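Single-structure report; data block below.
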Amino acid sequence: MTVRTRPDLSRIAPYVPGRSIPGAIKLASNETTAGPLPSVIEAIAEAAAGANRYPDNGSVAVRDALAAKLGVSADRITTGCGSVGICLELVQATSGPGDEVIYAWRSFEAYPVVVKVAGATPVEVPLTSDYEHDLDAMLAAITDRTRLIFICNPNNPTGTVVAAEALARFLDAVPPHILVALDEAYYEYVRPDAGAEAAPDGIALAEGRPNVVVLRTFSKAYGLAGLRIGYAIGDPEIIAALFKVHLPFAVTSVAQAAAVASLAADAELLTRTDGVVAERTRVRDALIAGGYDVPPSSGNFLWLPLGDQAAAFGEAGVAAKVLTRPFAGDGVRVTIGDPDENDTFLAFALGAGLPIWKASQQD
Ligand SMILES: *Cc1c(COP(=O)(O)O)cnc(C)c1O
């Protein structure tokens with residue numbers, strides 16, 4: 001190639017999305033199986049008819065609806081092209097070359113991408129042996145170059161939660177000039193039963209802590225992954241900083257309309273999460289009864305720590321038309337789908353998948 005691109009691009013591994021294969025069930029991307037509600041599809045169609053106009057760059061209708069729902073003022077809210085878009089904005093607003101961004105590992109696949117795209121340096125702190133954030137090690141990783149810390153809560157892909165009290169202690173120990181992003185993409189799936197007795201609410205924790213920002217999304221429980229809209233809640237100064245690096249018009253008019261309609265149908269959509277939570281328990285119990293070790297999950301997914309056998313499990317799943325998300329050398333994340341999909345997954349995991357799991361236990 002003769003065009004000069006940034007030399008550091010060679011160190012950025014492209015984001016690898018979950019696979020889709022016609023005829024296979026997709027439990028690879030933590031999506032909801034059910035499509036948008038009829039009222040939301042109607043709002044999408046109406047907004048599509050006005051697609052000749054640019055969207056409202058301030059997402060005023062969405063922010064007002066969120067402000068009313070969450071009980072915070074609209075100047076504490078901003079939207080992004082998915083919460084991934086806001087992750088990138090957070091790095092761009094805080095960090096440049098030489099600056100460090102801390103996050104746990106393994107965690108959300110997009111963190112290393114957005115940190116490196118912004119030219120900053122990722123600092124990955126291993127999870128504990130219980131697949132949880134190691135908050136003490138994360139504190140110890142802070143240097144005078146640290147600008148931003150991501151806490152993925154619940155953690156994708158392990159499903160573990162940092163409890164409210166431990167998180168509050170951590171936040172009080174982080175120097176106030178370092179921004180902490182609480183990524184709560186799976187907030188709506190947290191229940192008091194799954195190892196999360198004191199389920200943290202980032203919005204309450206961000207109240208009175210101007211260096212804490214909370215990320216949530218319409219992609220998961222609200223079922224709008226294809227439209228790309230997420231949001232952040234935090235101090236108005238942080239929100240204003242994010243808006244400075246925001247790609248103009250990154251949140252489409254269709255996404256905004258769908259988000260407003262989804263918030264109007266809030267109760268119905270959130271009730272659906274109860275079904276996912278019940279299935280999460282059923283699938284986990286069945287896997288454990290079959291001999292698997294599965295950490296308790298507070299997301300719409302489960303983590304199978306398969307180590308060196310993770311890739312083989314994923315490939316065997318492809319052959320059985322069950323698409324999961326293998327992370328080679330580490331584990332496999334499987335999304336909780338509808339009951340039929342989960343039965344198909346269980347038939348695979350307790351059949352062709354079982355010897356692969358057993359082999360992982362002998363390593
Ligand atoms: C899915 C997910 C997101 C949200 O992605 P969108 O860009 O909003 O679709 C953010 N953080 C984590 C940890 C996720 O798993």
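We name chains A, B, ... following the order of the structure tokens; residues begin at 1 in each chain, and ligands are numbered from 1 as shown.
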Sorted per-residue table, chain A near ligand 1, closest atoms and distance, 9 Å, only C-alpha atoms and all ligand atoms, as CSV:
```
residue,atom,partner,partner_atom_place_in_ligand_line,distance
A:Ser29,CA,ligand 1,1 (C),7.6
A:Asn30,CA,ligand 1,1 (C),6.9
A:Glu31,CA,ligand 1,1 (C),8.1
A:Gly80,CA,ligand 1,8 (O),8.1
A:Cys81,CA,ligand 1,7 (O),6.5
A:Gly82,CA,ligand 1,7 (O),3.2
A:Ser83,CA,ligand 1,8 (O),3.7
A:Val84,CA,ligand 1,7 (O),3.8
A:Gly85,CA,ligand 1,7 (O),6.1
A:Ile86,CA,ligand 1,7 (O),7.9
A:Cys87,CA,ligand 1,10 (C),7.9
A:Ser107,CA,ligand 1,13 (C),7.2
A:Phe108,CA,ligand 1,13 (C),4.8
A:Glu109,CA,ligand 1,13 (C),8.0
A:Ala110,CA,ligand 1,11 (N),7.8
A:Tyr111,CA,ligand 1,13 (C),8.7
A:Ile151,CA,ligand 1,13 (C),9.0
A:Cys152,CA,ligand 1,13 (C),5.6
A:Asn153,CA,ligand 1,13 (C),7.6
A:Pro154,CA,ligand 1,13 (C),7.8
A:Asn155,CA,ligand 1,13 (C),6.5
A:Asn156,CA,ligand 1,13 (C),5.1
A:Pro157,CA,ligand 1,15 (O),7.4
A:Asp183,CA,ligand 1,11 (N),5.7
A:Glu184,CA,ligand 1,11 (N),6.9
A:Ala185,CA,ligand 1,11 (N),5.0
A:Tyr186,CA,ligand 1,15 (O),7.2
A:Leu215,CA,ligand 1,10 (C),7.5
A:Arg216,CA,ligand 1,8 (O),7.0
A:Thr217,CA,ligand 1,8 (O),4.5
A:Phe218,CA,ligand 1,8 (O),6.3
A:Ser219,CA,ligand 1,9 (O),4.7
A:Lys220,CA,ligand 1,1 (C),6.5
A:Leu224,CA,ligand 1,9 (O),8.1
A:Ala225,CA,ligand 1,9 (O),5.3
A:Gly226,CA,ligand 1,9 (O),7.8
A:Leu227,CA,ligand 1,9 (O),8.4
A:Arg228,CA,ligand 1,9 (O),5.7
A:Ile229,CA,ligand 1,8 (O),5.9
A:Gly230,CA,ligand 1,8 (O),4.7
A:Tyr231,CA,ligand 1,8 (O),7.9
```
Dump as a short mmCIF file (atom, residue, chain, number, x, y, z; two decimals), in the first residue's frame, selection limited to N, CA and C atoms:
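Result file is selection.cif:
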```
data_model
loop_
_atom_site.label_atom_id
_atom_site.label_comp_id
_atom_site.auth_asym_id
_atom_site.auth_seq_id
_atom_site.Cartn_x
_atom_site.Cartn_y
_atom_site.Cartn_z
N SER A 29 -24.51 -12.92 20.20
CA SER A 29 -24.34 -11.46 20.30
C SER A 29 -25.20 -10.80 21.36
N ASN A 30 -25.74 -11.60 22.29
CA ASN A 30 -26.54 -11.05 23.40
C ASN A 30 -27.72 -10.21 22.94
N GLU A 31 -28.25 -10.55 21.78
CA GLU A 31 -29.43 -9.85 21.28
C GLU A 31 -30.68 -10.45 21.93
N GLY A 80 -25.58 8.25 21.99
CA GLY A 80 -24.49 7.93 21.06
C GLY A 80 -24.92 6.83 20.11
N CYS A 81 -24.08 6.61 19.11
CA CYS A 81 -24.33 5.55 18.14
C CYS A 81 -24.01 4.21 18.82
N GLY A 82 -24.99 3.74 19.57
CA GLY A 82 -24.76 2.62 20.48
C GLY A 82 -23.95 3.12 21.66
N SER A 83 -23.93 2.35 22.75
CA SER A 83 -23.05 2.80 23.84
C SER A 83 -21.59 2.56 23.47
N VAL A 84 -21.36 1.73 22.46
CA VAL A 84 -19.99 1.60 21.93
C VAL A 84 -19.51 2.96 21.41
N GLY A 85 -20.41 3.67 20.74
CA GLY A 85 -20.05 5.00 20.25
C GLY A 85 -19.64 5.90 21.40
N ILE A 86 -20.35 5.78 22.51
CA ILE A 86 -20.02 6.62 23.67
C ILE A 86 -18.71 6.15 24.32
N CYS A 87 -18.44 4.84 24.29
CA CYS A 87 -17.13 4.35 24.80
C CYS A 87 -16.00 5.05 24.06
N SER A 107 -13.07 -8.78 29.26
CA SER A 107 -14.27 -7.98 29.37
C SER A 107 -14.74 -7.67 27.96
N PHE A 108 -15.46 -6.57 27.81
CA PHE A 108 -16.10 -6.26 26.54
C PHE A 108 -15.06 -6.06 25.43
N GLU A 109 -15.25 -6.82 24.35
CA GLU A 109 -14.32 -6.83 23.21
C GLU A 109 -14.04 -5.46 22.60
N ALA A 110 -14.98 -4.54 22.76
CA ALA A 110 -14.80 -3.23 22.11
C ALA A 110 -13.82 -2.33 22.86
N TYR A 111 -13.56 -2.61 24.16
CA TYR A 111 -12.69 -1.68 24.91
C TYR A 111 -11.29 -1.54 24.29
N ILE A 151 -15.61 0.04 34.08
CA ILE A 151 -16.08 -1.09 34.90
C ILE A 151 -17.32 -1.64 34.18
N CYS A 152 -17.23 -2.87 33.71
CA CYS A 152 -18.32 -3.47 32.95
C CYS A 152 -19.18 -4.26 33.93
N ASN A 153 -20.39 -3.78 34.22
CA ASN A 153 -21.17 -4.28 35.34
C ASN A 153 -22.63 -4.43 35.00
N PRO A 154 -23.13 -5.67 34.80
CA PRO A 154 -22.43 -6.96 34.83
C PRO A 154 -21.38 -7.06 33.73
N ASN A 155 -20.38 -7.94 34.01
CA ASN A 155 -19.27 -8.05 33.06
C ASN A 155 -19.64 -8.94 31.86
N ASN A 156 -19.46 -8.39 30.70
CA ASN A 156 -19.53 -9.17 29.46
C ASN A 156 -18.12 -9.65 29.18
N PRO A 157 -17.84 -10.94 29.08
CA PRO A 157 -18.75 -12.06 28.89
C PRO A 157 -18.98 -12.96 30.11
N ASP A 183 -20.23 0.70 32.81
CA ASP A 183 -20.91 0.21 31.61
C ASP A 183 -22.00 -0.77 32.04
N GLU A 184 -23.24 -0.28 32.03
CA GLU A 184 -24.37 -1.08 32.51
C GLU A 184 -25.26 -1.52 31.35
N ALA A 185 -24.66 -2.09 30.32
CA ALA A 185 -25.42 -2.51 29.14
C ALA A 185 -26.47 -3.57 29.50
N TYR A 186 -26.23 -4.33 30.59
CA TYR A 186 -27.14 -5.42 30.97
C TYR A 186 -27.89 -5.12 32.26
N LEU A 215 -23.12 4.16 31.48
CA LEU A 215 -23.50 3.86 30.09
C LEU A 215 -24.62 2.83 30.09
N ARG A 216 -25.66 3.13 29.34
CA ARG A 216 -26.73 2.15 29.13
C ARG A 216 -27.09 2.15 27.64
N THR A 217 -27.92 1.20 27.24
CA THR A 217 -28.15 1.04 25.81
C THR A 217 -29.56 0.55 25.51
N PHE A 218 -30.03 0.84 24.32
CA PHE A 218 -31.29 0.27 23.83
C PHE A 218 -31.05 -1.03 23.07
N SER A 219 -29.80 -1.48 22.99
CA SER A 219 -29.49 -2.64 22.16
C SER A 219 -29.88 -3.97 22.78
N LYS A 220 -29.89 -4.06 24.10
CA LYS A 220 -30.03 -5.37 24.74
C LYS A 220 -31.47 -5.57 25.19
N LEU A 224 -33.12 -3.14 20.39
CA LEU A 224 -32.92 -2.28 19.22
C LEU A 224 -31.47 -2.31 18.72
N ALA A 225 -30.83 -3.47 18.84
CA ALA A 225 -29.39 -3.55 18.50
C ALA A 225 -29.10 -3.06 17.08
N GLY A 226 -30.03 -3.31 16.16
CA GLY A 226 -29.78 -2.95 14.77
C GLY A 226 -29.88 -1.46 14.48
N LEU A 227 -30.43 -0.71 15.43
CA LEU A 227 -30.63 0.72 15.16
C LEU A 227 -29.54 1.60 15.74
N ARG A 228 -28.76 1.10 16.68
CA ARG A 228 -27.62 1.80 17.22
C ARG A 228 -27.95 3.04 18.03
N ILE A 229 -28.42 2.86 19.23
CA ILE A 229 -28.57 4.00 20.14
C ILE A 229 -28.34 3.57 21.59
N GLY A 230 -27.43 4.29 22.22
CA GLY A 230 -27.15 4.10 23.64
C GLY A 230 -27.08 5.46 24.30
N TYR A 231 -26.89 5.47 25.63
CA TYR A 231 -26.84 6.78 26.29
C TYR A 231 -25.92 6.76 27.49
#
```
Checklist entry - Skipping near chain neighbours, those fewer than 6 positions away, what residues fall within 12 Å of stretch 112-121 of chain A using only C-alpha atoms, listed as a ChimeraX atom specification? => result /A:6-16,83-106,145-150,245
Checklist entry - Near A:Asn300, counting only C-alpha atoms, which residues have an atom at most 9 Å away, once you skip same-chain residues fewer than 5 positions from it, shown as number ranges by chain? => result A: 30-32, 159, 186, 189, 220-221, 273, 276-277, 280, 334-337
Checklist entry - In Å, how far is it from atom CA of A:Glu237 to atom CA of A:Gln256? => result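 These atoms are spaced 23.1 Å apart.
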Next on the checklist: Could you pull out the strand (DSSP E or B) residues of stretch 87-308 of chain A, going by DSSP on the backbone, and write them as a PyMOL selection string?
Outcome noted: chain A and resi 100-105+121-126+146-152+179-183+212-217+230-233+301-304
Next on the checklist: I'd like to know which residues of stretch 59-218 of chain A are alpha helix (DSSP H) (by DSSP, run on the backbone); could you write them as JSON, numbers by chain?
Outcome noted: {"A": [60, 61, 62, 63, 64, 65, 66, 67, 68, 69, 70, 82, 83, 84, 85, 86, 87, 88, 89, 90, 91, 92, 93, 94, 110, 111, 112, 113, 114, 115, 116, 117, 135, 136, 137, 138, 139, 140, 164, 165, 166, 167, 168, 169, 170, 171, 172, 173, 202, 203, 204, 205, 206]}
Item to check | Who sits within 12 Å of A:Ala264, only C-alpha atoms, same chain under 5 positions skipped, as a ChimeraX atom specification | outcome: /A:37,39-40,43,61-62,65-66,68-69,222,257-259,269-270
Could you write out the selected residues, including all heavy atoms, as a tab-separated table (two decimals), in the first residue's frame?
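So the final result, stored in part.tsv, reads:
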```tsv
chain	number	residue	atom	x	y	z
A	37	LEU	N	-41.61	-4.23	19.41
A	37	LEU	CA	-43.06	-4.22	19.61
A	37	LEU	C	-43.74	-3.52	18.43
A	37	LEU	O	-43.13	-2.65	17.80
A	37	LEU	CB	-43.40	-3.45	20.90
A	37	LEU	CG	-42.86	-4.03	22.20
A	37	LEU	CD1	-43.15	-3.06	23.35
A	37	LEU	CD2	-43.49	-5.39	22.48
A	39	SER	N	-45.86	-1.14	18.34
A	39	SER	CA	-45.86	0.32	18.50
A	39	SER	C	-44.51	0.91	18.11
A	39	SER	O	-44.42	2.02	17.58
A	39	SER	CB	-46.21	0.70	19.95
A	39	SER	OG	-45.23	0.18	20.83
A	40	VAL	N	-43.45	0.16	18.35
A	40	VAL	CA	-42.11	0.64	18.02
A	40	VAL	C	-41.88	0.55	16.51
A	40	VAL	O	-41.32	1.47	15.90
A	40	VAL	CB	-41.04	-0.17	18.81
A	40	VAL	CG1	-39.63	0.25	18.42
A	40	VAL	CG2	-41.26	0.00	20.31
A	43	ALA	N	-43.49	3.50	14.95
A	43	ALA	CA	-42.69	4.72	15.11
A	43	ALA	C	-41.49	4.71	14.15
A	43	ALA	O	-41.11	5.75	13.59
A	43	ALA	CB	-42.21	4.85	16.56
A	61	ALA	N	-35.81	14.71	22.26
A	61	ALA	CA	-36.98	13.92	22.67
A	61	ALA	C	-36.55	12.70	23.49
A	61	ALA	O	-37.17	12.35	24.50
A	61	ALA	CB	-37.79	13.50	21.45
A	62	VAL	N	-35.47	12.03	23.05
A	62	VAL	CA	-34.98	10.85	23.79
A	62	VAL	C	-34.48	11.26	25.17
A	62	VAL	O	-34.81	10.61	26.18
A	62	VAL	CB	-33.82	10.16	23.02
A	62	VAL	CG1	-33.36	8.92	23.78
A	62	VAL	CG2	-34.23	9.81	21.61
A	65	ALA	N	-37.32	12.08	27.49
A	65	ALA	CA	-38.02	10.87	27.93
A	65	ALA	C	-37.18	10.11	28.96
A	65	ALA	O	-37.70	9.58	29.95
A	65	ALA	CB	-38.35	9.98	26.73
A	66	LEU	N	-35.88	10.03	28.72
A	66	LEU	CA	-35.00	9.36	29.69
A	66	LEU	C	-34.94	10.13	31.00
A	66	LEU	O	-34.95	9.53	32.09
A	66	LEU	CB	-33.58	9.23	29.10
A	66	LEU	CG	-33.38	8.13	28.06
A	66	LEU	CD1	-32.03	8.29	27.38
A	66	LEU	CD2	-33.48	6.76	28.71
A	68	ALA	N	-37.22	11.94	32.34
A	68	ALA	CA	-38.45	11.70	33.09
A	68	ALA	C	-38.43	10.31	33.72
A	68	ALA	O	-38.80	10.13	34.89
A	68	ALA	CB	-39.66	11.85	32.17
A	69	LYS	N	-37.96	9.30	32.97
A	69	LYS	CA	-37.93	7.94	33.48
A	69	LYS	C	-36.93	7.77	34.62
A	69	LYS	O	-37.20	7.10	35.61
A	69	LYS	CB	-37.58	6.97	32.34
A	69	LYS	CG	-37.29	5.52	32.78
A	69	LYS	CD	-36.90	4.67	31.58
A	69	LYS	CE	-35.93	3.56	31.92
A	69	LYS	NZ	-36.51	2.40	32.58
A	222	TYR	N	-33.94	-3.64	25.46
A	222	TYR	CA	-34.92	-2.93	24.65
A	222	TYR	C	-34.96	-3.43	23.20
A	222	TYR	O	-35.79	-2.98	22.40
A	222	TYR	CB	-34.66	-1.41	24.70
A	222	TYR	CG	-35.10	-0.80	26.00
A	222	TYR	CD1	-34.23	-0.77	27.10
A	222	TYR	CD2	-36.38	-0.29	26.17
A	222	TYR	CE1	-34.63	-0.24	28.31
A	222	TYR	CE2	-36.79	0.24	27.39
A	222	TYR	CZ	-35.91	0.27	28.45
A	222	TYR	OH	-36.32	0.78	29.66
A	257	ALA	N	-36.54	7.87	17.25
A	257	ALA	CA	-37.98	7.61	17.32
A	257	ALA	C	-38.25	6.26	17.96
A	257	ALA	O	-39.17	6.11	18.78
A	257	ALA	CB	-38.59	7.67	15.92
A	258	ALA	N	-37.46	5.26	17.61
A	258	ALA	CA	-37.63	3.92	18.18
A	258	ALA	C	-37.35	3.93	19.68
A	258	ALA	O	-38.05	3.25	20.46
A	258	ALA	CB	-36.71	2.93	17.48
A	259	ALA	N	-36.37	4.70	20.09
A	259	ALA	CA	-36.04	4.78	21.52
A	259	ALA	C	-37.18	5.43	22.29
A	259	ALA	O	-37.57	4.94	23.37
A	259	ALA	CB	-34.74	5.55	21.72
A	269	LEU	N	-41.63	-4.00	27.86
A	269	LEU	CA	-40.29	-4.48	27.47
A	269	LEU	C	-39.53	-5.02	28.68
A	269	LEU	O	-38.84	-6.04	28.59
A	269	LEU	CB	-39.51	-3.35	26.80
A	269	LEU	CG	-40.00	-3.03	25.39
A	269	LEU	CD1	-39.43	-1.70	24.90
A	269	LEU	CD2	-39.61	-4.15	24.42
A	270	LEU	N	-39.68	-4.34	29.81
A	270	LEU	CA	-38.93	-4.80	30.99
A	270	LEU	C	-39.51	-6.10	31.54
A	270	LEU	O	-38.78	-6.91	32.10
A	270	LEU	CB	-38.90	-3.69	32.05
A	270	LEU	CG	-38.07	-2.47	31.63
A	270	LEU	CD1	-38.04	-1.42	32.73
A	270	LEU	CD2	-36.65	-2.86	31.23
```
Checklist outcome for this item: note - atom CA of A:Val190 and atom CA of A:Asp274 are separated by 10.0 Å
